[in-house]
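Colleague: Right, I'll just put the structure down here and ask away after.
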Amino acid sequence: MTPIRHDWTRDEVEALLDLPFSDLVFRAQQVHREHFDPNRVQVSTLLSIKTGACPEDCGYCPQSAHHPVDLERERLLPLEEVQEAARGAREHGATRFCMGAAWRNPTDRNLERVIEMVRAVREQGLETCMTLGMLTPQQARRLAEAGLDYYNHNLDTSPEFYGEVITTRTYQERLDTLEHVREAGMSVCTGGILGMGESRRDRAGLLQQLACLPRHPESVPINQLVQVEGTPLHGTEALDPFEFVRTVAVARILMPQSHVRLSAGRTDMSDEMQALCFLAGANSIFHGERLLTTPNPEANHDRTLFQRLGIQPEAAEESAADKQPREEEAVRVQHG
Ligand code: SAM
Ligand code: DTB
Ligand code: SF4
């Protein structure tokens, strides 16, 4: 069994990314089969509960108020609309409902409203995830008490490249929120974006940060940049698809027990590239025709792709296994 490590060096991670493609994918697939059924993929659905006018200046994001993007802004959605969207997601086979808000951080008043949303979505039998920006320890505790299962908060890239993409917050602030989420007892969803003009060493830096967290994130979204006109990163040279697959494979090797999510950017990927990502250990996707503000593949297309590859959607109870004590904790208990 592959040992669970939290002490990867940047050079070790880069050496994995440098492996011949077939050797790398073979290793990733071996690790994948030790921990997961290779023919099961977890399915989540996304809803933007508050859209646009964000005070942050993230260079990739169409929702930033700093960029001249043609985007309809929306205030925090009424509870009924969220309930209706969650019902639709469940009917389409999603087991987790992820709600995103274009905030730097929620105010305490906003927090009250999103807590009602968490309760309502849980009542429909779905797992819940939110991404609302930075949280204080107290806000994280309140969300956890309301029953929020996952919190998404991406590190996005390496610490060195971060300042090239975002200037309104620091990497350390991201790490701090992840710590608050973990301490409150929620499952952590954190990953990054590829294709922003970063180097392979930056991709190694992102993966090293994720794999050296005190406990691996339960969910690791790997996004490909969705290029939106008006954002500073629009026009960035596209990433070689094999480089994307390599990064997925190394995420799988470093974090053997985590769900690795093939996230944004699937509309720009061929079916063959997505199949390579699954082979490299990706085992989660966003399903539904919209991500937050940009398009996602049509539901029918995904259904057909799953059928062609013999993939079954994962049942809710299987991903709930995330909440069981895992191998790394069991080991700590034994020695501790
Ligand atoms: N405002 C909160 C935050 O930044 O944490 C939550 C919403 S934000 C839109 C969630 C994540 O979406 C970002 O961390 C980023 O990784 C991803 N994202 C945003 N725009 C993207 C794009 N154009 N392409 C790929 N991923 C993107
Ligand atoms: C994540 O890593 N990707 C999702 C989710 N977490 C919140 C967001 C992707 C956003 C893509 C651009 C948009 O649709 O606005
Ligand atoms: Fe705001 Fe999040 Fe977009 Fe950054 S990524 S501009 S914080 S919505």
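In the structure tokens, chains take letters A, B, ... by order of appearance, with residues numbered from 1 within each chain and ligands from 1 in the order shown.
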Check every protein, DNA and RNA residue against ligand 1, keep those with an atom at most 9 Å away (counting only C-alpha atoms and all ligand atoms), and present them as number ranges by chain.

Modeller: A: 48, 51, 54, 56, 58-64, 99-105, 130-134, 152-157, 174, 190-194, 196, 221-228, 231, 233-234, 263-265, 292-294

Colleague: Taking only region 53-97 of chain A into account, list the residues labelled alpha helix (DSSP H) by DSSP (computed from the backbone), as a PyMOL selection string.

Modeller: chain A and resi 79-91

Colleague: Can I get the selection written as a compact mmCIF listing (two decimals), in the first residue's frame, with all heavy atoms?

Modeller:
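Written file, selection_10.txt:
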```txt
# COMPACT_ATOMS: atom_id res chain seq x y z
N LEU A 79 -33.95 31.90 -0.93
CA LEU A 79 -33.87 30.50 -0.49
C LEU A 79 -34.63 29.54 -1.43
O LEU A 79 -34.13 28.47 -1.76
CB LEU A 79 -34.44 30.41 0.94
CG LEU A 79 -34.38 29.05 1.62
CD1 LEU A 79 -32.93 28.59 1.80
CD2 LEU A 79 -35.09 29.11 2.98
N GLU A 80 -35.81 29.98 -1.89
CA GLU A 80 -36.64 29.08 -2.71
C GLU A 80 -35.91 28.71 -4.01
O GLU A 80 -36.00 27.58 -4.48
CB GLU A 80 -38.00 29.73 -3.07
CG GLU A 80 -38.87 30.10 -1.89
CD GLU A 80 -38.31 31.27 -1.09
OE1 GLU A 80 -37.97 32.30 -1.72
OE2 GLU A 80 -38.20 31.16 0.14
N GLU A 81 -35.20 29.68 -4.58
CA GLU A 81 -34.49 29.39 -5.85
C GLU A 81 -33.39 28.38 -5.63
O GLU A 81 -33.12 27.53 -6.48
CB GLU A 81 -33.89 30.67 -6.45
CG GLU A 81 -34.89 31.46 -7.24
CD GLU A 81 -34.27 32.65 -7.97
OE1 GLU A 81 -33.18 32.51 -8.56
OE2 GLU A 81 -34.89 33.72 -7.91
N VAL A 82 -32.75 28.46 -4.48
CA VAL A 82 -31.66 27.51 -4.17
C VAL A 82 -32.27 26.12 -3.98
O VAL A 82 -31.75 25.13 -4.50
CB VAL A 82 -30.90 27.97 -2.91
CG1 VAL A 82 -29.83 26.96 -2.52
CG2 VAL A 82 -30.27 29.35 -3.14
N GLN A 83 -33.39 26.06 -3.26
CA GLN A 83 -34.06 24.77 -3.03
C GLN A 83 -34.46 24.12 -4.35
O GLN A 83 -34.28 22.92 -4.55
CB GLN A 83 -35.31 24.96 -2.16
CG GLN A 83 -34.97 25.12 -0.70
CD GLN A 83 -36.19 25.50 0.10
OE1 GLN A 83 -36.87 26.48 -0.21
NE2 GLN A 83 -36.50 24.73 1.14
N GLU A 84 -34.98 24.95 -5.26
CA GLU A 84 -35.43 24.42 -6.55
C GLU A 84 -34.24 23.88 -7.35
O GLU A 84 -34.31 22.79 -7.94
CB GLU A 84 -36.09 25.56 -7.32
CG GLU A 84 -37.09 25.11 -8.33
CD GLU A 84 -37.72 26.35 -8.97
OE1 GLU A 84 -38.35 27.14 -8.23
OE2 GLU A 84 -37.55 26.50 -10.19
N ALA A 85 -33.14 24.62 -7.34
CA ALA A 85 -31.95 24.18 -8.09
C ALA A 85 -31.40 22.88 -7.49
O ALA A 85 -30.98 21.98 -8.21
CB ALA A 85 -30.88 25.27 -8.07
N ALA A 86 -31.44 22.77 -6.17
CA ALA A 86 -30.92 21.56 -5.51
C ALA A 86 -31.80 20.35 -5.89
O ALA A 86 -31.29 19.27 -6.16
CB ALA A 86 -30.90 21.75 -4.00
N ARG A 87 -33.09 20.57 -5.94
CA ARG A 87 -34.01 19.48 -6.32
C ARG A 87 -33.67 19.00 -7.73
O ARG A 87 -33.52 17.80 -7.98
CB ARG A 87 -35.46 20.00 -6.28
CG ARG A 87 -36.47 18.92 -6.03
CD ARG A 87 -37.86 19.52 -5.75
NE ARG A 87 -37.88 20.43 -4.60
CZ ARG A 87 -38.33 21.68 -4.64
NH1 ARG A 87 -38.81 22.22 -5.75
NH2 ARG A 87 -38.32 22.44 -3.55
N GLY A 88 -33.47 19.94 -8.64
CA GLY A 88 -33.11 19.60 -10.02
C GLY A 88 -31.80 18.82 -10.07
O GLY A 88 -31.68 17.84 -10.81
N ALA A 89 -30.82 19.25 -9.28
CA ALA A 89 -29.51 18.59 -9.28
C ALA A 89 -29.65 17.15 -8.82
O ALA A 89 -29.09 16.22 -9.41
CB ALA A 89 -28.55 19.35 -8.36
N ARG A 90 -30.46 16.95 -7.77
CA ARG A 90 -30.63 15.59 -7.24
C ARG A 90 -31.31 14.71 -8.29
O ARG A 90 -30.92 13.57 -8.50
CB ARG A 90 -31.47 15.64 -5.96
CG ARG A 90 -31.25 14.42 -5.10
CD ARG A 90 -32.23 14.36 -3.97
NE ARG A 90 -33.57 14.64 -4.45
CZ ARG A 90 -34.59 15.02 -3.70
NH1 ARG A 90 -34.43 15.17 -2.42
NH2 ARG A 90 -35.77 15.25 -4.22
N GLU A 91 -32.33 15.28 -8.95
CA GLU A 91 -33.01 14.50 -9.99
C GLU A 91 -32.08 14.11 -11.14
O GLU A 91 -32.29 13.12 -11.81
CB GLU A 91 -34.23 15.28 -10.53
CG GLU A 91 -35.41 15.13 -9.57
CD GLU A 91 -36.48 16.20 -9.76
OE1 GLU A 91 -36.47 16.89 -10.81
OE2 GLU A 91 -37.29 16.36 -8.86
```

Colleague: Counting only C-alpha atoms, which of A:Phe21, A:Gln124, A:Met117, A:Pro55 gets nearest to Thr168 (chain A)?

Modeller: A:Pro55

Colleague: Can you work out which one of A:Gly195, A:Pro295, A:Gly230, A:Gly235 has the shortest atom-to-atom distance to Asp70 (chain A), counting only C-alpha atoms?

Modeller: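 Ranking A:Gly195, A:Pro295, A:Gly230, A:Gly235 by distance to Asp70 (chain A), first place goes to A:Gly230.
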
Colleague: If we count only C-alpha atoms and set the cut-off at 9 Å, which residues sit around Arg10 (chain A), ignoring sequence neighbours fewer than 5 positions away in its own chain? Please answer as a PyMOL selection string.

Modeller: chain A and resi 15+201+204-205+207-208

Colleague: For the residues selected in the previous step, produce a file with all heavy atoms as an mmCIF file, in the first residue's frame.

Modeller:
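See out.cif below for the written result:
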```
data_model
loop_
_atom_site.group_PDB
_atom_site.id
_atom_site.type_symbol
_atom_site.label_atom_id
_atom_site.label_comp_id
_atom_site.auth_asym_id
_atom_site.auth_seq_id
_atom_site.Cartn_x
_atom_site.Cartn_y
_atom_site.Cartn_z
ATOM 1 N N ALA A 15 9.978 15.944 -10.194
ATOM 2 C CA ALA A 15 10.501 14.726 -10.847
ATOM 3 C C ALA A 15 9.345 13.821 -11.290
ATOM 4 O O ALA A 15 9.427 13.178 -12.339
ATOM 5 C CB ALA A 15 11.431 13.986 -9.885
ATOM 6 N N ARG A 201 7.238 24.162 -12.749
ATOM 7 C CA ARG A 201 7.692 24.293 -11.355
ATOM 8 C C ARG A 201 6.570 24.905 -10.491
ATOM 9 O O ARG A 201 6.425 24.556 -9.320
ATOM 10 C CB ARG A 201 8.970 25.140 -11.301
ATOM 11 C CG ARG A 201 9.583 25.196 -9.929
ATOM 12 C CD ARG A 201 11.057 24.804 -9.912
ATOM 13 N NE ARG A 201 11.564 24.765 -8.539
ATOM 14 C CZ ARG A 201 11.859 23.655 -7.900
ATOM 15 N NH1 ARG A 201 11.702 22.474 -8.450
ATOM 16 N NH2 ARG A 201 12.313 23.703 -6.652
ATOM 17 N N ALA A 204 4.195 22.192 -9.768
ATOM 18 C CA ALA A 204 4.772 21.358 -8.704
ATOM 19 C C ALA A 204 4.593 22.051 -7.348
ATOM 20 O O ALA A 204 4.293 21.398 -6.342
ATOM 21 C CB ALA A 204 6.246 21.088 -8.980
ATOM 22 N N GLY A 205 4.739 23.370 -7.334
ATOM 23 C CA GLY A 205 4.604 24.131 -6.079
ATOM 24 C C GLY A 205 3.194 24.051 -5.521
ATOM 25 O O GLY A 205 2.990 23.876 -4.314
ATOM 26 N N LEU A 207 0.976 21.614 -6.109
ATOM 27 C CA LEU A 207 0.726 20.238 -5.649
ATOM 28 C C LEU A 207 1.452 19.970 -4.337
ATOM 29 O O LEU A 207 0.923 19.292 -3.443
ATOM 30 C CB LEU A 207 1.172 19.238 -6.725
ATOM 31 C CG LEU A 207 0.339 19.241 -8.014
ATOM 32 C CD1 LEU A 207 1.000 18.388 -9.091
ATOM 33 C CD2 LEU A 207 -1.082 18.744 -7.745
ATOM 34 N N GLN A 208 2.652 20.518 -4.205
ATOM 35 C CA GLN A 208 3.401 20.326 -2.957
ATOM 36 C C GLN A 208 2.638 20.964 -1.785
ATOM 37 O O GLN A 208 2.503 20.361 -0.720
ATOM 38 C CB GLN A 208 4.797 20.945 -3.082
ATOM 39 C CG GLN A 208 5.665 20.672 -1.865
ATOM 40 C CD GLN A 208 6.790 21.669 -1.696
ATOM 41 O OE1 GLN A 208 6.818 22.716 -2.353
ATOM 42 N NE2 GLN A 208 7.716 21.354 -0.816
#
```

Colleague: For Ala144 (chain A), list every protein, DNA or RNA residue within 8 Å, evaluated using only C-alpha atoms, and leave out those in the same chain fewer than 3 positions away; present the list as JSON, numbers by chain.

Modeller: {"A": [140, 141, 147, 148, 149, 184, 185, 186]}

Colleague: Write a file of the just-selected residues containing N, CA and C atoms, as a CSV table (one decimal), in the first residue's frame.

Modeller:
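What ended up in out17.csv:
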```
chain,number,residue,atom,x,y,z
A,140,ALA,N,-16.4,29.7,10.4
A,140,ALA,CA,-16.3,28.3,10.0
A,140,ALA,C,-17.0,27.4,11.0
A,141,ARG,N,-16.9,27.7,12.3
A,141,ARG,CA,-17.6,26.8,13.2
A,141,ARG,C,-19.1,26.9,13.0
A,147,GLY,N,-24.2,22.1,9.6
A,147,GLY,CA,-24.2,20.9,8.9
A,147,GLY,C,-23.5,20.9,7.5
A,148,LEU,N,-22.8,22.0,7.2
A,148,LEU,CA,-22.1,22.1,5.9
A,148,LEU,C,-21.0,21.0,5.9
A,149,ASP,N,-21.0,20.2,4.8
A,149,ASP,CA,-20.1,19.1,4.7
A,149,ASP,C,-18.7,19.5,4.2
A,184,ALA,N,-12.7,23.5,12.3
A,184,ALA,CA,-14.2,23.4,12.6
A,184,ALA,C,-14.8,22.0,12.3
A,185,GLY,N,-14.0,21.2,11.6
A,185,GLY,CA,-14.4,19.8,11.4
A,185,GLY,C,-15.1,19.5,10.1
A,186,MET,N,-15.0,20.5,9.2
A,186,MET,CA,-15.6,20.3,7.8
A,186,MET,C,-14.6,19.6,6.9
```

Colleague: Find the residue from A:Glu237, A:Asp37, A:Asp23, A:Glu289 that sits nearest to ligand 2; use only C-alpha atoms and all ligand atoms when measuring.

Modeller: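 Among the listed residues, A:Glu289 lies closest to ligand 2.
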
Colleague: One decimal, Å: what's the distance from atom 4 (Fe, counted along the ligand's line) of ligand 3 over to CA of Ala238 (chain A), could you say?

Modeller: 20.9 Å

Colleague: Please, what distance in Å, to one decimal, runs between CA of Glu298 (chain A) and CA of Arg33 (chain A)?

Modeller: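 About the pair CA of Glu298 (chain A) and CA of Arg33 (chain A): they are 28.8 Å apart.
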
Colleague: Please return, as a ChimeraX atom specification, all residues of region 138-325 of chain A that DSSP assigns to strand (DSSP E or B) on the basis of the backbone.

Modeller: /A:150-152,156,187-189,192-194,219-224,259-262,284-286,290,295,312-313

Colleague: Kindly give the distance, in Å, that separates CA of Ala315 (chain A) and CA of Asn39 (chain A), rounded to a single decimal.

Modeller: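 Calculated distance between CA of Ala315 (chain A) and CA of Asn39 (chain A) is 12.3 Å.
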
Colleague: Which of these, A:Val25, A:Leu111, A:Ala211, A:Val69, has the shortest distance to ligand 3 once you count only C-alpha atoms and all ligand atoms?

Modeller: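 Of A:Val25, A:Leu111, A:Ala211, A:Val69, the one nearest ligand 3, counting only C-alpha atoms and all ligand atoms, is A:Val69.
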
Colleague: Using only C-alpha atoms, pick whichever of A:Ile285, A:Val31, A:Leu254, A:Val248 has the shortest atom-to-atom distance to Arg266 (chain A).

Modeller: A:Ile285

Colleague: Can you pull out every residue within 9 Å of Gln172 (chain A), counting only C-alpha atoms, but drop anything in the same chain fewer than 4 positions away, and send it as a list of chain:residue names?

Modeller: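 That gives A:Pro159, A:Asp176, A:Thr177.
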
Colleague: Choose the residue, out of A:Asp57, A:Glu14, A:Glu314, A:Glu243, that has the smallest atom-to-atom separation from ligand 3; count only C-alpha atoms and all ligand atoms.

Modeller: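 Looking at the shortest contact to ligand 3, the residue is A:Asp57.
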